[in-house]
$ cat final.csv   # CSV, C-alpha atoms
chain,number,residue,atom,x,y,z
H,1,MET,CA,10.9,113.9,97.3
H,2,GLU,CA,11.3,115.9,100.5
H,3,GLY,CA,12.2,112.6,102.3
H,4,ALA,CA,14.8,111.8,99.7
H,5,GLY,CA,16.3,115.3,100.0
H,6,ARG,CA,16.5,115.0,103.8
H,7,VAL,CA,18.3,111.6,103.5
H,8,ARG,CA,20.8,113.1,101.1
H,9,ALA,CA,21.4,116.1,103.4
H,10,GLU,CA,21.9,113.7,106.3
H,11,ARG,CA,24.4,111.6,104.3
H,12,VAL,CA,26.3,114.8,103.4
H,13,GLU,CA,26.4,115.8,107.0
H,14,VAL,CA,27.7,112.4,108.1
H,15,GLN,CA,30.5,112.5,105.5
H,16,ARG,CA,31.3,116.1,106.4
H,17,SER,CA,31.6,115.5,110.1
H,18,ARG,CA,33.5,112.3,109.6
H,19,GLU,CA,36.1,114.1,107.5
H,20,GLN,CA,36.2,116.9,110.0
H,21,ILE,CA,37.0,114.4,112.8
H,22,LEU,CA,39.6,112.6,110.7
H,23,ALA,CA,41.3,115.9,109.7
H,24,ALA,CA,41.5,117.0,113.3
H,25,ALA,CA,42.9,113.7,114.5
H,26,GLU,CA,45.5,113.7,111.7
H,27,ARG,CA,46.6,117.3,112.6
H,28,HIS,CA,46.9,116.2,116.3
H,29,PHE,CA,48.7,113.0,115.5
H,30,ALA,CA,51.2,114.8,113.3
H,31,ARG,CA,52.7,116.2,116.4
H,32,ASN,CA,51.5,114.0,119.3
H,33,GLU,CA,51.0,110.4,120.1
H,34,PRO,CA,47.4,109.2,119.5
H,35,ASP,CA,46.5,109.0,123.2
H,36,LEU,CA,44.0,111.8,123.5
H,37,SER,CA,40.5,111.4,124.9
H,38,MET,CA,37.3,111.3,122.8
H,39,SER,CA,36.2,114.6,124.5
H,40,GLU,CA,39.5,116.3,123.5
H,41,LEU,CA,39.1,115.0,119.9
H,42,ALA,CA,35.6,116.3,119.7
H,43,ARG,CA,36.8,119.7,120.8
H,44,LEU,CA,39.6,119.7,118.3
H,45,ALA,CA,37.2,118.7,115.5
H,46,GLY,CA,34.6,121.2,116.5
H,47,VAL,CA,31.8,118.6,116.9
H,48,GLY,CA,29.7,117.5,119.8
H,49,ASN,CA,30.6,114.4,121.8
H,50,ALA,CA,27.4,112.7,120.5
H,51,THR,CA,28.3,113.4,116.9
H,52,LEU,CA,31.8,112.0,117.5
H,53,TYR,CA,30.5,108.8,119.1
H,54,ARG,CA,28.0,108.3,116.2
H,55,ARG,CA,30.9,108.4,113.7
H,56,PHE,CA,33.5,106.5,115.7
H,57,ALA,CA,33.3,104.3,118.8
H,58,SER,CA,36.8,105.2,120.1
H,59,VAL,CA,40.0,107.1,119.2
H,60,ASP,CA,41.4,103.7,118.1
H,61,ASP,CA,38.7,103.5,115.5
H,62,VAL,CA,39.8,106.9,114.2
H,63,VAL,CA,43.4,105.5,114.1
H,64,ARG,CA,42.1,102.5,112.1
H,65,ALA,CA,40.3,104.8,109.6
H,66,LEU,CA,43.4,106.9,109.1
H,67,TYR,CA,45.5,103.8,108.6
H,68,ASP,CA,43.1,102.4,106.0
H,69,ARG,CA,43.2,105.7,104.2
H,70,HIS,CA,47.0,105.8,104.2
H,71,THR,CA,47.2,102.1,103.0
H,72,VAL,CA,45.1,103.0,100.0
H,73,GLU,CA,47.3,106.0,99.2
H,74,GLN,CA,50.5,104.0,99.6
H,75,GLN,CA,49.1,101.3,97.3
H,76,ARG,CA,48.8,104.1,94.6
H,77,VAL,CA,52.5,104.8,95.0
H,78,ILE,CA,53.3,101.1,94.7
H,79,ASP,CA,51.1,100.8,91.6
H,80,ASP,CA,53.0,103.8,90.1
H,81,MET,CA,56.3,102.2,90.9
H,82,VAL,CA,55.3,98.9,89.2
H,83,SER,CA,54.0,100.6,86.1
H,84,GLN,CA,57.3,102.3,85.2
H,85,ASP,CA,59.2,101.2,82.1
H,86,THR,CA,62.5,100.6,83.9
H,87,GLY,CA,63.5,99.4,87.4
H,88,TRP,CA,65.4,102.7,88.1
H,89,ASP,CA,62.3,104.7,87.1
H,90,GLY,CA,60.4,102.5,89.6
H,91,VAL,CA,62.9,103.3,92.3
H,92,VAL,CA,62.6,107.0,91.5
H,93,ALA,CA,58.8,106.8,91.6
H,94,LEU,CA,58.9,104.9,94.9
H,95,VAL,CA,61.3,107.3,96.7
H,96,THR,CA,59.5,110.4,95.4
H,97,GLY,CA,56.0,109.0,96.0
H,98,LEU,CA,56.6,107.8,99.6
H,99,ALA,CA,58.5,110.9,100.5
H,100,LEU,CA,55.7,113.2,99.3
H,101,LEU,CA,53.0,111.0,100.8
H,102,THR,CA,54.7,111.1,104.2
H,103,LEU,CA,55.2,114.8,103.8
H,104,SER,CA,51.5,115.3,103.1
H,105,ARG,CA,50.5,112.9,105.9
H,106,PRO,CA,53.0,113.6,108.8
H,107,ALA,CA,50.8,111.7,111.2
H,108,VAL,CA,51.4,108.4,109.3
H,109,PRO,CA,54.4,107.1,111.4
H,110,ARG,CA,52.5,107.5,114.6
H,111,VAL,CA,49.4,106.0,113.1
H,112,ILE,CA,51.4,102.9,111.8
H,113,ARG,CA,53.0,102.4,115.2
H,114,ARG,CA,49.6,102.6,117.0
H,115,MET,CA,48.1,100.1,114.6
H,116,ALA,CA,51.0,97.7,115.3
H,117,GLU,CA,49.9,98.0,119.0
H,118,LEU,CA,46.2,97.5,118.2
H,119,ASP,CA,46.8,94.6,115.9
H,120,PRO,CA,50.1,92.7,116.8
H,121,ASP,CA,49.5,90.5,113.7
H,122,ILE,CA,49.6,93.4,111.3
H,123,ARG,CA,52.6,93.5,109.0
H,124,HIS,CA,52.5,96.9,107.4
H,125,GLY,CA,53.9,96.8,103.8
H,126,ALA,CA,54.3,93.1,103.7
H,127,ASP,CA,51.9,92.9,100.7
H,128,TRP,CA,54.3,95.0,98.7
H,129,ASP,CA,57.5,93.2,99.6
H,130,ALA,CA,57.6,91.1,96.3
H,131,SER,CA,57.0,94.2,94.2
H,132,LEU,CA,59.7,96.2,96.0
H,133,ARG,CA,62.2,93.4,95.6
H,134,GLU,CA,61.5,92.9,91.9
H,135,VAL,CA,61.9,96.6,91.1
H,136,THR,CA,65.2,96.6,93.1
H,137,ARG,CA,66.5,93.6,91.2
H,138,ARG,CA,65.5,95.2,87.9
H,139,ALA,CA,67.3,98.4,88.7
H,140,GLN,CA,70.4,96.5,89.7
H,141,ASP,CA,70.3,94.4,86.6
H,142,GLU,CA,70.1,97.6,84.6
H,143,GLY,CA,73.3,98.8,86.2
H,144,MET,CA,71.6,101.8,87.7
H,145,LEU,CA,71.2,100.8,91.3
H,146,ARG,CA,74.0,100.0,93.7
H,147,PRO,CA,74.3,96.2,94.1
H,148,ASP,CA,74.6,96.4,97.9
H,149,VAL,CA,71.2,98.1,98.3
H,150,GLU,CA,68.2,96.1,99.6
H,151,ALA,CA,64.5,97.0,99.0
H,152,ASN,CA,63.9,98.0,102.6
H,153,ASP,CA,66.9,100.4,102.5
H,154,ILE,CA,65.0,102.3,99.8
H,155,SER,CA,61.5,102.3,101.4
H,156,LEU,CA,62.6,103.1,104.9
H,157,ALA,CA,64.7,106.0,103.8
H,158,ALA,CA,62.0,107.3,101.5
H,159,PHE,CA,59.6,107.4,104.5
H,160,GLY,CA,62.2,109.3,106.5
H,161,LEU,CA,62.6,111.9,103.7
H,162,GLY,CA,59.1,113.1,104.4
H,163,ASP,CA,59.6,113.4,108.2
H,164,TYR,CA,59.6,117.2,108.3
H,165,GLY,CA,56.0,117.8,109.5
H,166,TYR,CA,57.0,120.4,112.0
H,167,LEU,CA,58.5,122.8,109.4
H,168,PRO,CA,56.5,125.5,107.5
H,169,ASP,CA,55.1,124.3,104.1
H,170,VAL,CA,57.6,126.2,102.0
H,171,ALA,CA,60.6,125.0,104.0
H,172,ARG,CA,59.4,121.4,103.9
H,173,GLN,CA,59.0,121.5,100.1
H,174,ARG,CA,62.5,123.0,99.7
H,175,ILE,CA,64.2,120.6,102.0
H,176,VAL,CA,62.5,117.4,100.8
H,177,ALA,CA,63.0,118.3,97.1
H,178,ARG,CA,66.8,118.6,97.7
H,179,GLN,CA,66.9,115.5,100.0
H,180,ILE,CA,65.2,113.3,97.4
H,181,VAL,CA,67.8,114.2,94.8
H,182,VAL,CA,70.7,113.6,97.3
H,183,PHE,CA,69.3,110.2,98.3
H,184,LEU,CA,68.6,109.1,94.7
H,185,ASP,CA,72.1,110.1,93.6
H,186,GLY,CA,73.5,108.1,96.6
H,187,LEU,CA,71.6,105.0,95.2
H,188,ARG,CA,73.0,105.3,91.7
H,189,ALA,CA,75.6,102.8,90.6
H,190,ASP,CA,76.9,104.9,87.7
H,191,GLY,CA,78.1,107.8,89.8
H,192,GLU,CA,76.0,110.4,87.9
H,193,ARG,CA,74.9,113.5,89.8
H,194,THR,CA,71.7,115.5,89.4
H,195,PRO,CA,71.7,119.3,90.0
H,196,LEU,CA,70.1,120.1,93.3
H,197,PRO,CA,66.8,122.1,93.0
H,198,GLY,CA,66.4,125.4,94.7
H,199,GLU,CA,68.6,126.8,97.5
H,200,ALA,CA,69.9,125.0,100.6
H,201,VAL,CA,68.4,125.9,103.9
H,202,ALA,CA,70.8,128.1,105.9
H,203,THR,CA,71.9,127.2,109.4
H,204,ASP,CA,70.2,130.2,111.0
H,205,GLU,CA,67.0,129.3,109.2
H,206,ILE,CA,67.1,125.7,110.6
H,207,GLN,CA,67.8,127.0,114.1
H,208,ALA,CA,64.8,129.3,113.8
H,209,TYR,CA,62.5,126.4,112.7
H,210,LEU,CA,63.8,124.3,115.6
H,211,ARG,CA,62.8,127.0,118.1
H,212,GLU,CA,59.3,127.5,116.7
H,213,PRO,CA,56.6,126.1,119.0
H,214,ARG,CA,54.9,123.0,117.8
H,215,ALA,CA,51.3,123.5,118.5

$ encode --input "final.csv" --output "structure tokens"
Amino acid sequence: MEGAGRVRAERVEVQRSREQILAAAERHFARNEPDLSMSELARLAGVGNATLYRRFASVDDVVRALYDRHTVEQQRVIDDMVSQDTGWDGVVALVTGLALLTLSRPAVPRVIRRMAELDPDIRHGADWDASLREVTRRAQDEGMLRPDVEANDISLAAFGLGDYGYLPDVARQRIVARQIVVFLDGLRADGERTPLPGEAVATDEIQAYLREPRA
């Protein structure tokens, strides 16, 4: 029994330190390109170099692990989109889901770009092209989505809506909530408008955020 308990404790420690490393890398990549050294990553994660090398052979392996995690999370957004009753509801689910996912994972754009360098054959999002096109077509057939909109117009802009990683949490949530509504209303074919949530961010507030140091 003592042996089994020791094995369980070791497994818990492996998982804990692995998550600690991934979290530190993700925080760093949210504001910097993934070109730091293993020693620097170990320092940021609060683990020893030996522990880091036992979990990951290189920083690129950390990038791959973060990319795999994001791919799983993005698949959940796509599944939610496909499960909606109407094409327009699918568009709303996609825009909201991708924006909030990128908002919660601000390192994702840099991780995706680095993965494209590591694996030139990778085609991020290609597996979802057919589903995106089908939801776009359904929404247009329903008369809800502008006929000149392509599937990639929606997904690329949705990713961009979450690109406010440098802002404080409350500000990010306010800005993105309003931008999602503005973007979705711009996609609508019927000209309907949705009331914007919360209050707009004032110019002075924006200027203050832009001047804040990005640690």

$ closest_residue --input "final.csv" --among "H:Ile122, H:Val82, H:Val62, H:Val92" --to "Ser37 (chain H)" --atoms "only C-alpha atoms"
H:Val62

$ residues_around --input "final.csv" --residues "region 171-177 of chain H" --least-positions-apart "6" --cutoff "7 Å" --atoms "only C-alpha atoms" --output "list in words"
Leu161, Gly162, Tyr164, Pro197 and Gly198 of chain H

$ closest_residue --input "final.csv" --among "H:Pro106, H:Pro120, H:Gly90, H:Pro168" --to "Ile154 (chain H)" --atoms "only C-alpha atoms"
H:Gly90

$ residues_around --input "final.csv" --residues "Asp119 (chain H)" --least-positions-apart "6" --cutoff "12 Å" --atoms "only C-alpha atoms" --output "list of chain:residue names"
H:Asp60, H:Val63, H:Arg64, H:Tyr67, H:Ile112, H:Arg113

$ closest_residue --input "final.csv" --among "H:Leu66, H:Glu117, H:Arg138, H:Ala57" --to "Asp85 (chain H)" --atoms "all atoms listed in the file"
H:Arg138

$ closest_residue --input "final.csv" --among "H:Asp79, H:Glu13, H:Glu26, H:Asp121" --to "Thr51 (chain H)" --atoms "only C-alpha atoms"
H:Glu13

$ residues_around --input "final.csv" --residues "Gln20 (chain H)" --least-positions-apart "3" --cutoff "12 Å" --atoms "all atoms listed in the file" --output "short mmCIF file (atom, residue, chain, number, x, y, z; two decimals) with C-alpha atoms, in the coordinates of the input"
data_model
loop_
_atom_site.label_atom_id
_atom_site.label_comp_id
_atom_site.auth_asym_id
_atom_site.auth_seq_id
_atom_site.Cartn_x
_atom_site.Cartn_y
_atom_site.Cartn_z
CA GLU H 13 26.40 115.80 107.00
CA VAL H 14 27.70 112.40 108.10
CA GLN H 15 30.50 112.50 105.50
CA ARG H 16 31.30 116.10 106.40
CA SER H 17 31.60 115.50 110.10
CA ALA H 23 41.30 115.90 109.70
CA ALA H 24 41.50 117.00 113.30
CA ALA H 25 42.90 113.70 114.50
CA GLU H 26 45.50 113.70 111.70
CA ARG H 27 46.60 117.30 112.60
CA LEU H 41 39.10 115.00 119.90
CA ALA H 42 35.60 116.30 119.70
CA ARG H 43 36.80 119.70 120.80
CA LEU H 44 39.60 119.70 118.30
CA ALA H 45 37.20 118.70 115.50
CA GLY H 46 34.60 121.20 116.50
CA VAL H 47 31.80 118.60 116.90
CA GLY H 48 29.70 117.50 119.80
CA THR H 51 28.30 113.40 116.90
CA LEU H 52 31.80 112.00 117.50
CA ARG H 55 30.90 108.40 113.70
CA VAL H 62 39.80 106.90 114.20
#

$ residues_around --input "final.csv" --residues "Asp129 (chain H)" --least-positions-apart "6" --cutoff "12 Å" --atoms "all atoms listed in the file" --output "mmCIF file with C-alpha atoms, keeping the file's coordinate frame"
data_model
loop_
_atom_site.group_PDB
_atom_site.id
_atom_site.type_symbol
_atom_site.label_atom_id
_atom_site.label_comp_id
_atom_site.auth_asym_id
_atom_site.auth_seq_id
_atom_site.Cartn_x
_atom_site.Cartn_y
_atom_site.Cartn_z
ATOM 1 C CA GLN H 75 49.100 101.300 97.300
ATOM 2 C CA ILE H 78 53.300 101.100 94.700
ATOM 3 C CA ARG H 123 52.600 93.500 109.000
ATOM 4 C CA VAL H 135 61.900 96.600 91.100
ATOM 5 C CA THR H 136 65.200 96.600 93.100
ATOM 6 C CA GLU H 150 68.200 96.100 99.600
ATOM 7 C CA ALA H 151 64.500 97.000 99.000
ATOM 8 C CA ASN H 152 63.900 98.000 102.600
ATOM 9 C CA ILE H 154 65.000 102.300 99.800
ATOM 10 C CA SER H 155 61.500 102.300 101.400
#

$ closest_residue --input "final.csv" --among "H:Leu94, H:Leu187, H:Ala208, H:Ala107" --to "Arg69 (chain H)" --atoms "all atoms listed in the file"
H:Ala107

$ atom_distance --input "final.csv" --atom1 "CA of Val95 (chain H)" --atom2 "CA of Ser83 (chain H)"
14.5 Å

$ atom_distance --input "final.csv" --atom1 "CA of Glu192 (chain H)" --atom2 "CA of Pro147 (chain H)"
15.6 Å

$ atom_distance --input "final.csv" --atom1 "CA of Leu196 (chain H)" --atom2 "CA of Thr96 (chain H)"
14.5 Å

$ closest_residue --input "final.csv" --among "H:Thr102, H:Glu73, H:Met81, H:Val201" --to "Phe159 (chain H)" --atoms "all atoms listed in the file"
H:Thr102

$ decode --input "final.csv" --residues "region 176-195 of chain H" --atoms "N, CA and C atoms" --output "short mmCIF file (atom, residue, chain, number, x, y, z; two decimals), in the first residue's frame"
data_model
loop_
_atom_site.label_atom_id
_atom_site.label_comp_id
_atom_site.auth_asym_id
_atom_site.auth_seq_id
_atom_site.Cartn_x
_atom_site.Cartn_y
_atom_site.Cartn_z
N VAL H 176 -14.91 43.31 -25.10
CA VAL H 176 -15.24 42.18 -25.97
C VAL H 176 -16.75 41.94 -26.01
N ALA H 177 -17.44 42.09 -24.88
CA ALA H 177 -18.90 41.91 -24.88
C ALA H 177 -19.57 42.87 -25.86
N ARG H 178 -19.11 44.11 -25.89
CA ARG H 178 -19.69 45.09 -26.82
C ARG H 178 -19.26 44.81 -28.26
N GLN H 179 -17.99 44.45 -28.45
CA GLN H 179 -17.51 44.20 -29.81
C GLN H 179 -18.18 42.99 -30.45
N ILE H 180 -18.48 41.98 -29.64
CA ILE H 180 -19.19 40.81 -30.18
C ILE H 180 -20.54 41.23 -30.75
N VAL H 181 -21.27 42.06 -30.01
CA VAL H 181 -22.58 42.52 -30.49
C VAL H 181 -22.44 43.36 -31.74
N VAL H 182 -21.47 44.27 -31.76
CA VAL H 182 -21.24 45.12 -32.94
C VAL H 182 -20.93 44.25 -34.16
N PHE H 183 -20.07 43.26 -33.97
CA PHE H 183 -19.69 42.40 -35.10
C PHE H 183 -20.87 41.57 -35.58
N LEU H 184 -21.61 40.96 -34.66
CA LEU H 184 -22.74 40.13 -35.07
C LEU H 184 -23.80 40.96 -35.78
N ASP H 185 -24.07 42.16 -35.30
CA ASP H 185 -25.06 43.00 -35.97
C ASP H 185 -24.59 43.37 -37.37
N GLY H 186 -23.27 43.51 -37.56
CA GLY H 186 -22.74 43.80 -38.89
C GLY H 186 -22.89 42.63 -39.85
N LEU H 187 -23.03 41.42 -39.31
CA LEU H 187 -23.21 40.24 -40.15
C LEU H 187 -24.67 40.03 -40.56
N ARG H 188 -25.58 40.63 -39.82
CA ARG H 188 -26.99 40.36 -40.04
C ARG H 188 -27.47 40.90 -41.38
N ALA H 189 -28.30 40.12 -42.05
CA ALA H 189 -28.87 40.54 -43.33
C ALA H 189 -30.16 41.33 -43.15
N ASP H 190 -30.80 41.22 -41.98
CA ASP H 190 -32.10 41.85 -41.77
C ASP H 190 -32.01 43.25 -41.19
N GLY H 191 -30.80 43.72 -40.90
CA GLY H 191 -30.64 45.07 -40.40
C GLY H 191 -31.04 45.29 -38.96
N GLU H 192 -31.44 44.24 -38.25
CA GLU H 192 -31.82 44.38 -36.84
C GLU H 192 -30.59 44.75 -36.00
N ARG H 193 -30.86 45.48 -34.94
CA ARG H 193 -29.77 45.90 -34.06
C ARG H 193 -30.05 45.46 -32.63
N THR H 194 -29.00 45.00 -31.96
CA THR H 194 -29.08 44.52 -30.59
C THR H 194 -28.52 45.59 -29.64
N PRO H 195 -29.19 45.87 -28.54
CA PRO H 195 -28.64 46.86 -27.59
C PRO H 195 -27.26 46.43 -27.11
#
